[in-house]
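Undergrad: target.cif is the file, holding mmCIF, C-alpha atoms:
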```cif
data_my_file
loop_
_atom_site.label_atom_id
_atom_site.label_comp_id
_atom_site.auth_asym_id
_atom_site.auth_seq_id
_atom_site.Cartn_x
_atom_site.Cartn_y
_atom_site.Cartn_z
CA MET A 1 3.58 -22.50 -13.92
CA MET A 2 3.81 -18.76 -14.55
CA PRO A 3 7.25 -17.17 -14.73
CA VAL A 4 8.14 -15.00 -11.76
CA THR A 5 9.21 -12.08 -13.97
CA LEU A 6 5.60 -11.24 -14.83
CA PHE A 7 4.82 -10.70 -11.16
CA LEU A 8 7.96 -8.64 -10.70
CA ALA A 9 6.96 -6.44 -13.64
CA LEU A 10 3.49 -5.94 -12.16
CA GLY A 11 5.06 -5.04 -8.81
CA ALA A 12 7.34 -2.50 -10.50
CA ILE A 13 4.42 -0.87 -12.32
CA LEU A 14 2.31 -0.61 -9.16
CA PHE A 15 5.28 0.74 -7.22
CA CYS A 16 5.87 3.48 -9.77
CA ILE A 17 2.19 4.46 -9.83
CA GLY A 18 2.30 4.79 -6.05
CA LEU A 19 5.55 6.74 -6.16
CA TYR A 20 4.12 9.20 -8.70
CA GLY A 21 1.07 9.67 -6.50
CA VAL A 22 3.18 10.35 -3.43
CA LEU A 23 5.25 12.91 -5.33
CA THR A 24 2.46 14.86 -6.99
CA ARG A 25 -0.73 14.70 -4.92
CA ARG A 26 -1.52 17.31 -2.31
CA HIS A 27 -4.08 15.50 -0.19
CA ILE A 28 -2.65 13.72 2.88
CA VAL A 29 -5.10 10.80 2.67
CA VAL A 30 -4.21 10.23 -0.98
CA VAL A 31 -0.52 10.24 -0.10
CA LEU A 32 -1.13 7.57 2.55
CA VAL A 33 -3.18 5.50 0.08
CA CYS A 34 -0.33 5.69 -2.43
CA ILE A 35 2.14 4.52 0.23
CA GLU A 36 -0.18 1.55 0.80
CA LEU A 37 -0.02 0.82 -2.95
CA MET A 38 3.77 0.81 -2.80
CA LEU A 39 3.80 -1.60 0.16
CA ASN A 40 1.33 -3.82 -1.70
CA SER A 41 3.64 -4.01 -4.69
CA VAL A 42 6.52 -5.07 -2.45
CA ASN A 43 4.26 -7.79 -1.06
CA ILE A 44 3.54 -9.04 -4.58
CA ASN A 45 7.27 -9.43 -5.16
CA LEU A 46 7.79 -11.30 -1.89
CA VAL A 47 4.89 -13.68 -2.48
CA ALA A 48 5.90 -14.30 -6.10
CA PHE A 49 9.41 -15.28 -5.10
CA SER A 50 8.08 -17.36 -2.24
CA SER A 51 5.62 -19.21 -4.43
CA VAL A 52 7.04 -19.64 -7.93
CA GLY A 53 10.63 -18.47 -7.46
CA PRO A 54 13.69 -20.61 -8.11
CA VAL A 55 13.85 -21.64 -4.43
CA ALA A 56 10.21 -21.74 -3.37
CA ASN A 57 9.76 -21.74 0.38
CA VAL A 58 7.66 -20.15 3.07
CA THR A 59 9.99 -17.32 4.15
CA GLY A 60 8.70 -14.76 1.69
CA GLN A 61 5.15 -15.20 2.87
CA VAL A 62 6.19 -14.75 6.52
CA PHE A 63 8.02 -11.53 5.57
CA SER A 64 4.96 -10.41 3.67
CA LEU A 65 2.84 -10.92 6.80
CA PHE A 66 5.25 -8.67 8.70
CA VAL A 67 4.99 -6.03 5.96
CA ILE A 68 1.19 -6.10 6.16
CA THR A 69 1.37 -5.64 9.93
CA ILE A 70 3.76 -2.71 9.68
CA ALA A 71 1.55 -1.15 7.00
CA ALA A 72 -1.49 -1.37 9.26
CA ALA A 73 0.39 0.22 12.17
CA GLU A 74 1.74 2.94 9.90
CA VAL A 75 -1.70 3.83 8.60
CA ALA A 76 -3.15 3.95 12.11
CA VAL A 77 -0.47 6.36 13.32
CA GLY A 78 -0.56 8.36 10.09
CA LEU A 79 -4.29 8.91 10.22
CA ALA A 80 -4.07 9.86 13.90
CA ILE A 81 -1.47 12.47 12.99
CA LEU A 82 -3.74 13.62 10.15
CA ILE A 83 -6.66 14.13 12.52
CA ALA A 84 -4.49 15.99 15.04
CA LEU A 85 -3.09 18.21 12.26
CA TYR A 86 -6.52 18.92 10.90
CA ARG A 87 -7.81 19.86 14.33
CA ASN A 88 -4.96 22.26 14.94
CA ARG A 89 -4.47 23.82 11.52
CA ALA A 90 -7.70 23.05 9.61
CA SER A 91 -5.96 21.92 6.46
CA ILE A 92 -5.25 18.62 4.74
CA ASP A 93 -2.83 20.03 2.22
CA VAL A 94 0.66 18.58 2.58
CA ILE A 95 2.28 21.79 1.38
CA LYS A 96 0.72 23.87 4.14
CA HIS A 97 2.19 21.69 6.87
CA ASP A 98 5.69 23.08 6.82
CA LEU A 99 6.12 24.14 10.44
CA LEU A 100 9.50 22.43 10.71
CA ARG A 101 10.91 24.04 7.61
CA SER A 102 13.63 26.54 8.48
CA SER A 103 12.87 29.47 6.25
CA MET B 104 -2.64 -19.49 -23.23
CA THR B 105 -3.56 -21.34 -20.09
CA GLY B 106 -6.28 -20.38 -17.68
CA GLN B 107 -3.74 -19.20 -15.15
CA GLU B 108 -2.25 -16.69 -17.55
CA ILE B 109 -5.68 -15.34 -18.49
CA MET B 110 -6.54 -14.92 -14.81
CA PHE B 111 -3.20 -13.21 -14.21
CA ILE B 112 -3.77 -10.76 -17.05
CA ILE B 113 -7.29 -9.91 -15.86
CA LEU B 114 -6.22 -9.41 -12.25
CA ALA B 115 -3.13 -7.43 -13.19
CA LEU B 116 -5.19 -5.13 -15.43
CA ILE B 117 -7.70 -4.58 -12.63
CA ALA B 118 -4.90 -3.81 -10.18
CA ILE B 119 -3.13 -1.38 -12.50
CA CYS B 120 -6.36 0.37 -13.53
CA CYS B 121 -7.51 0.78 -9.93
CA ALA B 122 -4.07 2.05 -8.88
CA SER B 123 -4.18 4.60 -11.69
CA LEU B 124 -7.71 5.63 -10.71
CA VAL B 125 -6.42 6.36 -7.19
CA ILE B 126 -4.32 9.10 -8.75
CA VAL B 127 -6.74 10.25 -11.44
CA LEU B 128 -10.12 10.40 -9.68
CA LYS B 129 -11.34 13.64 -8.15
CA ARG B 130 -13.40 12.66 -5.14
CA ILE B 131 -11.57 11.30 -2.13
CA SER B 132 -14.16 8.62 -1.36
CA HIS B 133 -13.86 7.24 -4.90
CA ARG B 134 -10.11 7.08 -4.46
CA VAL B 135 -10.39 5.07 -1.25
CA LEU B 136 -12.89 2.73 -2.92
CA SER B 137 -10.50 2.30 -5.82
CA MET B 138 -7.74 1.33 -3.38
CA ALA B 139 -10.06 -1.30 -1.91
CA PHE B 140 -10.64 -2.81 -5.35
CA CYS B 141 -6.90 -2.75 -6.02
CA SER B 142 -6.37 -4.69 -2.78
CA PHE B 143 -9.02 -7.18 -3.88
CA ALA B 144 -7.22 -7.74 -7.18
CA ILE B 145 -3.91 -8.24 -5.38
CA ALA B 146 -5.57 -10.75 -3.04
CA GLY B 147 -6.75 -12.58 -6.16
CA LEU B 148 -3.15 -12.63 -7.38
CA TYR B 149 -2.13 -14.21 -4.06
CA PHE B 150 -4.75 -16.91 -4.55
CA LEU B 151 -3.39 -17.43 -8.06
CA LEU B 152 0.07 -17.88 -6.55
CA ARG B 153 -1.30 -20.47 -4.13
CA ALA B 154 -0.70 -18.26 -1.10
CA GLU B 155 -4.19 -18.77 0.26
CA PHE B 156 -3.57 -17.71 3.84
CA LEU B 157 -1.93 -14.48 2.74
CA GLY B 158 -4.78 -13.75 0.35
CA ILE B 159 -7.30 -14.05 3.15
CA ILE B 160 -5.14 -11.87 5.40
CA GLN B 161 -4.89 -9.30 2.59
CA ILE B 162 -8.67 -9.13 2.26
CA MET B 163 -9.16 -8.93 6.02
CA VAL B 164 -6.53 -6.28 6.73
CA TYR B 165 -6.64 -4.10 3.63
CA VAL B 166 -10.24 -4.32 2.47
CA GLY B 167 -11.75 -4.84 5.88
CA GLY B 168 -9.52 -2.78 8.11
CA LEU B 169 -7.53 -0.12 6.32
CA THR B 170 -10.33 0.97 4.00
CA VAL B 171 -12.66 1.55 6.95
CA LEU B 172 -9.87 3.46 8.67
CA PHE B 173 -9.39 5.67 5.61
CA VAL B 174 -13.12 6.26 5.32
CA PHE B 175 -13.22 7.33 8.96
CA ALA B 176 -10.31 9.69 8.40
CA VAL B 177 -12.12 11.17 5.39
CA MET B 178 -15.26 11.62 7.47
CA MET B 179 -13.36 13.30 10.32
CA THR B 180 -11.94 15.99 8.06
CA ASP B 181 -13.86 18.49 6.03
CA HIS B 182 -13.21 18.22 2.31
CA ARG B 183 -15.60 20.75 0.86
CA THR B 184 -13.96 23.85 2.21
CA THR B 185 -10.41 22.82 1.46
CA THR B 186 -8.88 24.25 -1.64
CA PHE B 187 -5.55 23.38 -3.13
CA VAL B 188 -4.32 26.69 -4.40
CA PRO B 189 -1.84 27.38 -5.76
CA GLU B 190 -1.72 24.14 -7.71
CA ARG B 191 1.59 22.35 -7.91
CA SER B 192 3.56 23.63 -10.84
CA LYS B 193 3.39 21.81 -14.15
CA VAL B 194 7.17 21.64 -14.19
CA PHE B 195 7.23 19.69 -10.92
CA LYS B 196 4.63 17.23 -12.18
CA PHE B 197 6.48 16.82 -15.47
CA VAL B 198 9.81 16.27 -13.76
CA SER B 199 8.32 13.70 -11.38
CA PHE B 200 6.61 11.96 -14.29
CA ILE B 201 9.88 11.77 -16.21
CA GLY B 202 11.78 10.57 -13.14
CA VAL B 203 9.26 7.90 -12.19
CA GLY B 204 8.90 6.83 -15.82
CA SER B 205 12.62 6.40 -16.29
CA LEU B 206 12.83 4.47 -13.00
CA LEU B 207 10.01 2.20 -14.21
CA SER B 208 11.62 1.63 -17.60
CA ILE B 209 14.99 0.81 -16.04
CA MET B 210 13.34 -1.63 -13.62
CA LEU B 211 11.30 -3.24 -16.41
CA ILE B 212 14.37 -3.66 -18.63
CA GLY B 213 16.23 -5.25 -15.73
CA ILE B 214 13.34 -7.52 -14.77
CA LEU B 215 12.43 -8.72 -18.24
CA GLY B 216 16.07 -9.28 -19.15
CA MET B 217 16.54 -11.46 -16.10
CA ASP B 218 16.70 -15.17 -16.76
CA LEU B 219 15.31 -16.86 -13.69
CA PRO B 220 14.80 -20.60 -13.68
CA ALA B 221 11.11 -21.16 -13.12
CA GLY B 222 10.08 -23.22 -10.15
CA THR B 223 8.43 -26.46 -11.09
CA GLU B 224 5.83 -26.80 -8.37
CA PRO B 225 4.21 -23.79 -6.71
CA PHE B 226 4.71 -23.63 -2.99
CA ILE B 227 1.32 -23.81 -1.29
CA GLY B 228 1.23 -21.31 1.55
CA THR B 229 -1.14 -22.98 3.94
CA ALA B 230 -1.78 -21.57 7.38
CA GLU B 231 0.02 -24.57 8.88
CA ALA B 232 3.29 -23.98 7.03
CA ILE B 233 3.26 -20.25 7.74
CA GLY B 234 2.39 -20.80 11.40
CA LEU B 235 5.16 -23.33 11.91
CA GLU B 236 7.71 -20.96 10.39
CA LEU B 237 6.32 -17.91 12.21
CA TYR B 238 6.36 -19.50 15.64
CA GLY B 239 9.62 -21.37 14.98
CA ASN B 240 12.33 -19.36 13.30
CA TYR B 241 10.70 -15.95 13.51
CA VAL B 242 9.23 -15.96 16.99
CA ILE B 243 11.39 -13.03 18.16
CA ALA B 244 10.31 -10.94 15.17
CA PHE B 245 6.71 -11.98 15.83
CA LEU B 246 6.90 -10.74 19.41
CA GLY B 247 8.55 -7.53 18.24
CA VAL B 248 5.77 -6.91 15.76
CA GLY B 249 3.25 -7.48 18.52
CA ILE B 250 4.93 -4.87 20.69
CA LEU B 251 5.07 -2.50 17.73
CA LEU B 252 1.34 -2.92 17.10
CA LEU B 253 0.61 -2.19 20.76
CA ALA B 254 2.80 0.91 20.68
CA ALA B 255 1.17 2.10 17.43
CA LEU B 256 -2.31 1.57 18.90
CA ILE B 257 -1.56 3.51 22.06
CA GLY B 258 0.26 6.20 20.09
CA ALA B 259 -2.65 6.61 17.69
CA ILE B 260 -5.11 6.98 20.55
CA VAL B 261 -2.91 9.48 22.37
CA ILE B 262 -2.26 11.56 19.25
CA ALA B 263 -5.83 11.60 17.98
CA ARG B 264 -7.76 12.29 21.15
CA LYS B 265 -8.75 15.78 22.13
CA GLU B 266 -6.34 17.59 24.35
CA ALA B 267 -7.55 17.51 27.93
CA ASP B 268 -8.32 20.77 29.61
CA GLU B 269 -5.34 22.36 31.23
CA GLN B 270 -7.19 23.35 34.38
#
```
Hey, can you dump this file as structure tokens for me?
TA:
Amino acid sequence: MMPVTLFLALGAILFCIGLYGVLTRRHIVVVLVCIELMLNSVNINLVAFSSVGPVANVTGQVFSLFVITIAAAEVAVGLAILIALYRNRASIDVIKHDLLRSS
Amino acid sequence: MTGQEIMFIILALIAICCASLVIVLKRISHRVLSMAFCSFAIAGLYFLLRAEFLGIIQIMVYVGGLTVLFVFAVMMTDHRTTTFVPERSKVFKFVSFIGVGSLLSIMLIGILGMDLPAGTEPFIGTAEAIGLELYGNYVIAFLGVGILLLAALIGAIVIARKEADEQ
């Protein structure tokens, strides 16, 4: 069977790609997509440990189901906020939404 | 090299390439499509890990649900008139690249230096095993997640709908 470290390495690479996207992109939808990539990489780790880890059992897959659910809820609320922001301020640039910044 | 390792390498390359394309591509619809393919590749990895139920859930939720949601959000907002000036400074991008790259290298050194005993038999994540655990040990968390989904649904509707007339 495959060693679990390969899956952990893949998860780390995907996580860092998502993190770089969150840090550098300006488009709100792209930022949300990159957050989804990061959550996906966490899921890969959980499922790898649950399936081929030293103590293989079902708990990791149950946790991964919870993560998928939270990700779906987060995207629903995030896109609703995006639509409300766009309606009020006509911009999808994350830098322009700085109403709460105390300057 | 066994068939499993070849499949892993193919799927991992697809996932990494599609995740990079999410950042590199110009058009927003192409980026969302690239995320869908990345989710497909990760679902294939779940099947490779014998987590069949989770692979099906991944395809249903990510490819079927979230991608459509993203496409709707892209359609609701106008992307032709938006401009991103001034562009983020090169220094910021460089610093984030260095930071993320060093984080990745530290994690990879730690992961590849780790000596984990490999499991002998893969655990097969059937729907029966997951359901028994979910409705047994984790039933409180399951109910909590249900309430959270309801709250998120109602919140999304309330936030996204048009403001009613004040009069």
Undergrad: Compile the contact shell of Gly258 (chain B) as a PyMOL selection string: residues with an atom at most 10 Å away, counting only C-alpha atoms, same-chain residues fewer than 5 positions apart removed.
TA: (chain A and resi 73+76-77+80-81) or (chain B and resi 252-253+263)
Undergrad: Residues of chain B were defined as contacting chain A if any atom lay at most 6 Å from it, counting all atoms listed in the file; please report them as an mmCIF file with C-alpha atoms, in the frame of the given file.
TA:
```cif
data_model
loop_
_atom_site.group_PDB
_atom_site.id
_atom_site.type_symbol
_atom_site.label_atom_id
_atom_site.label_comp_id
_atom_site.auth_asym_id
_atom_site.auth_seq_id
_atom_site.Cartn_x
_atom_site.Cartn_y
_atom_site.Cartn_z
ATOM 1 C CA ILE B 126 -4.320 9.100 -8.750
ATOM 2 C CA PRO B 220 14.800 -20.600 -13.680
ATOM 3 C CA ALA B 221 11.110 -21.160 -13.120
ATOM 4 C CA GLY B 222 10.080 -23.220 -10.150
ATOM 5 C CA PRO B 225 4.210 -23.790 -6.710
ATOM 6 C CA PHE B 226 4.710 -23.630 -2.990
ATOM 7 C CA LEU B 252 1.340 -2.920 17.100
ATOM 8 C CA ALA B 255 1.170 2.100 17.430
ATOM 9 C CA ALA B 259 -2.650 6.610 17.690
ATOM 10 C CA ILE B 262 -2.260 11.560 19.250
ATOM 11 C CA ALA B 263 -5.830 11.600 17.980
#
```
Undergrad: Would you mind telling me which residue in B:Ser142, B:Gln107, B:Ser137, B:Ser132 lies nearest to Phe175 (chain B) when using all atoms listed in the file?
TA: B:Ser132
Undergrad: Could you jot down the CA of Met163 (chain B) to CA of Arg130 (chain B) separation for me, Å, one decimal place?
TA: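 Atom-to-atom, CA of Met163 (chain B) and CA of Arg130 (chain B) are spaced 24.7 Å apart.
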Undergrad: Please, what distance in Å, to one decimal, runs between CA of Ala146 (chain B) and CA of Gly158 (chain B)?
TA: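 For CA of Ala146 (chain B) relative to CA of Gly158 (chain B), the distance reads 4.6 Å.
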Undergrad: Might you pull out every residue within 6 Å of region 123-125 of chain B, with all atoms listed in the file counted and same-chain residues fewer than 3 positions away left off, and present them as a VMD selection string?
TA: chain B and resid 120 128 134 137
Undergrad: Of the candidates B:Leu235, B:Ile260, B:Ile131, B:Tyr241, which shows the shortest atom-to-atom distance to Asp181 (chain B), using only C-alpha atoms?
TA: B:Ile131
Undergrad: What does the structure give for the distance between CA of Met110 (chain B) and CA of Ala144 (chain B), in Å to one decimal?
TA: 10.5 Å
Undergrad: Can you tell me, as JSON, numbers by chain, what residues are no more than 9 Å from Thr229 (chain B) when counting all atoms listed in the file, ignoring any on the same chain fewer than 5 positions away?
TA: {"B": [153, 154, 155, 156, 157, 234]}
Undergrad: If the box runs along x, y and z of the file and leaves 4 Å on each side of region 64-81 of chain A, what are its centre and edge lengths in Å, one decimal, as JSON?
TA:
```
{"center_x": 0.5, "center_y": 0.8, "center_z": 8.8, "size_x": 17.5, "size_y": 31.4, "size_z": 18.2}
```
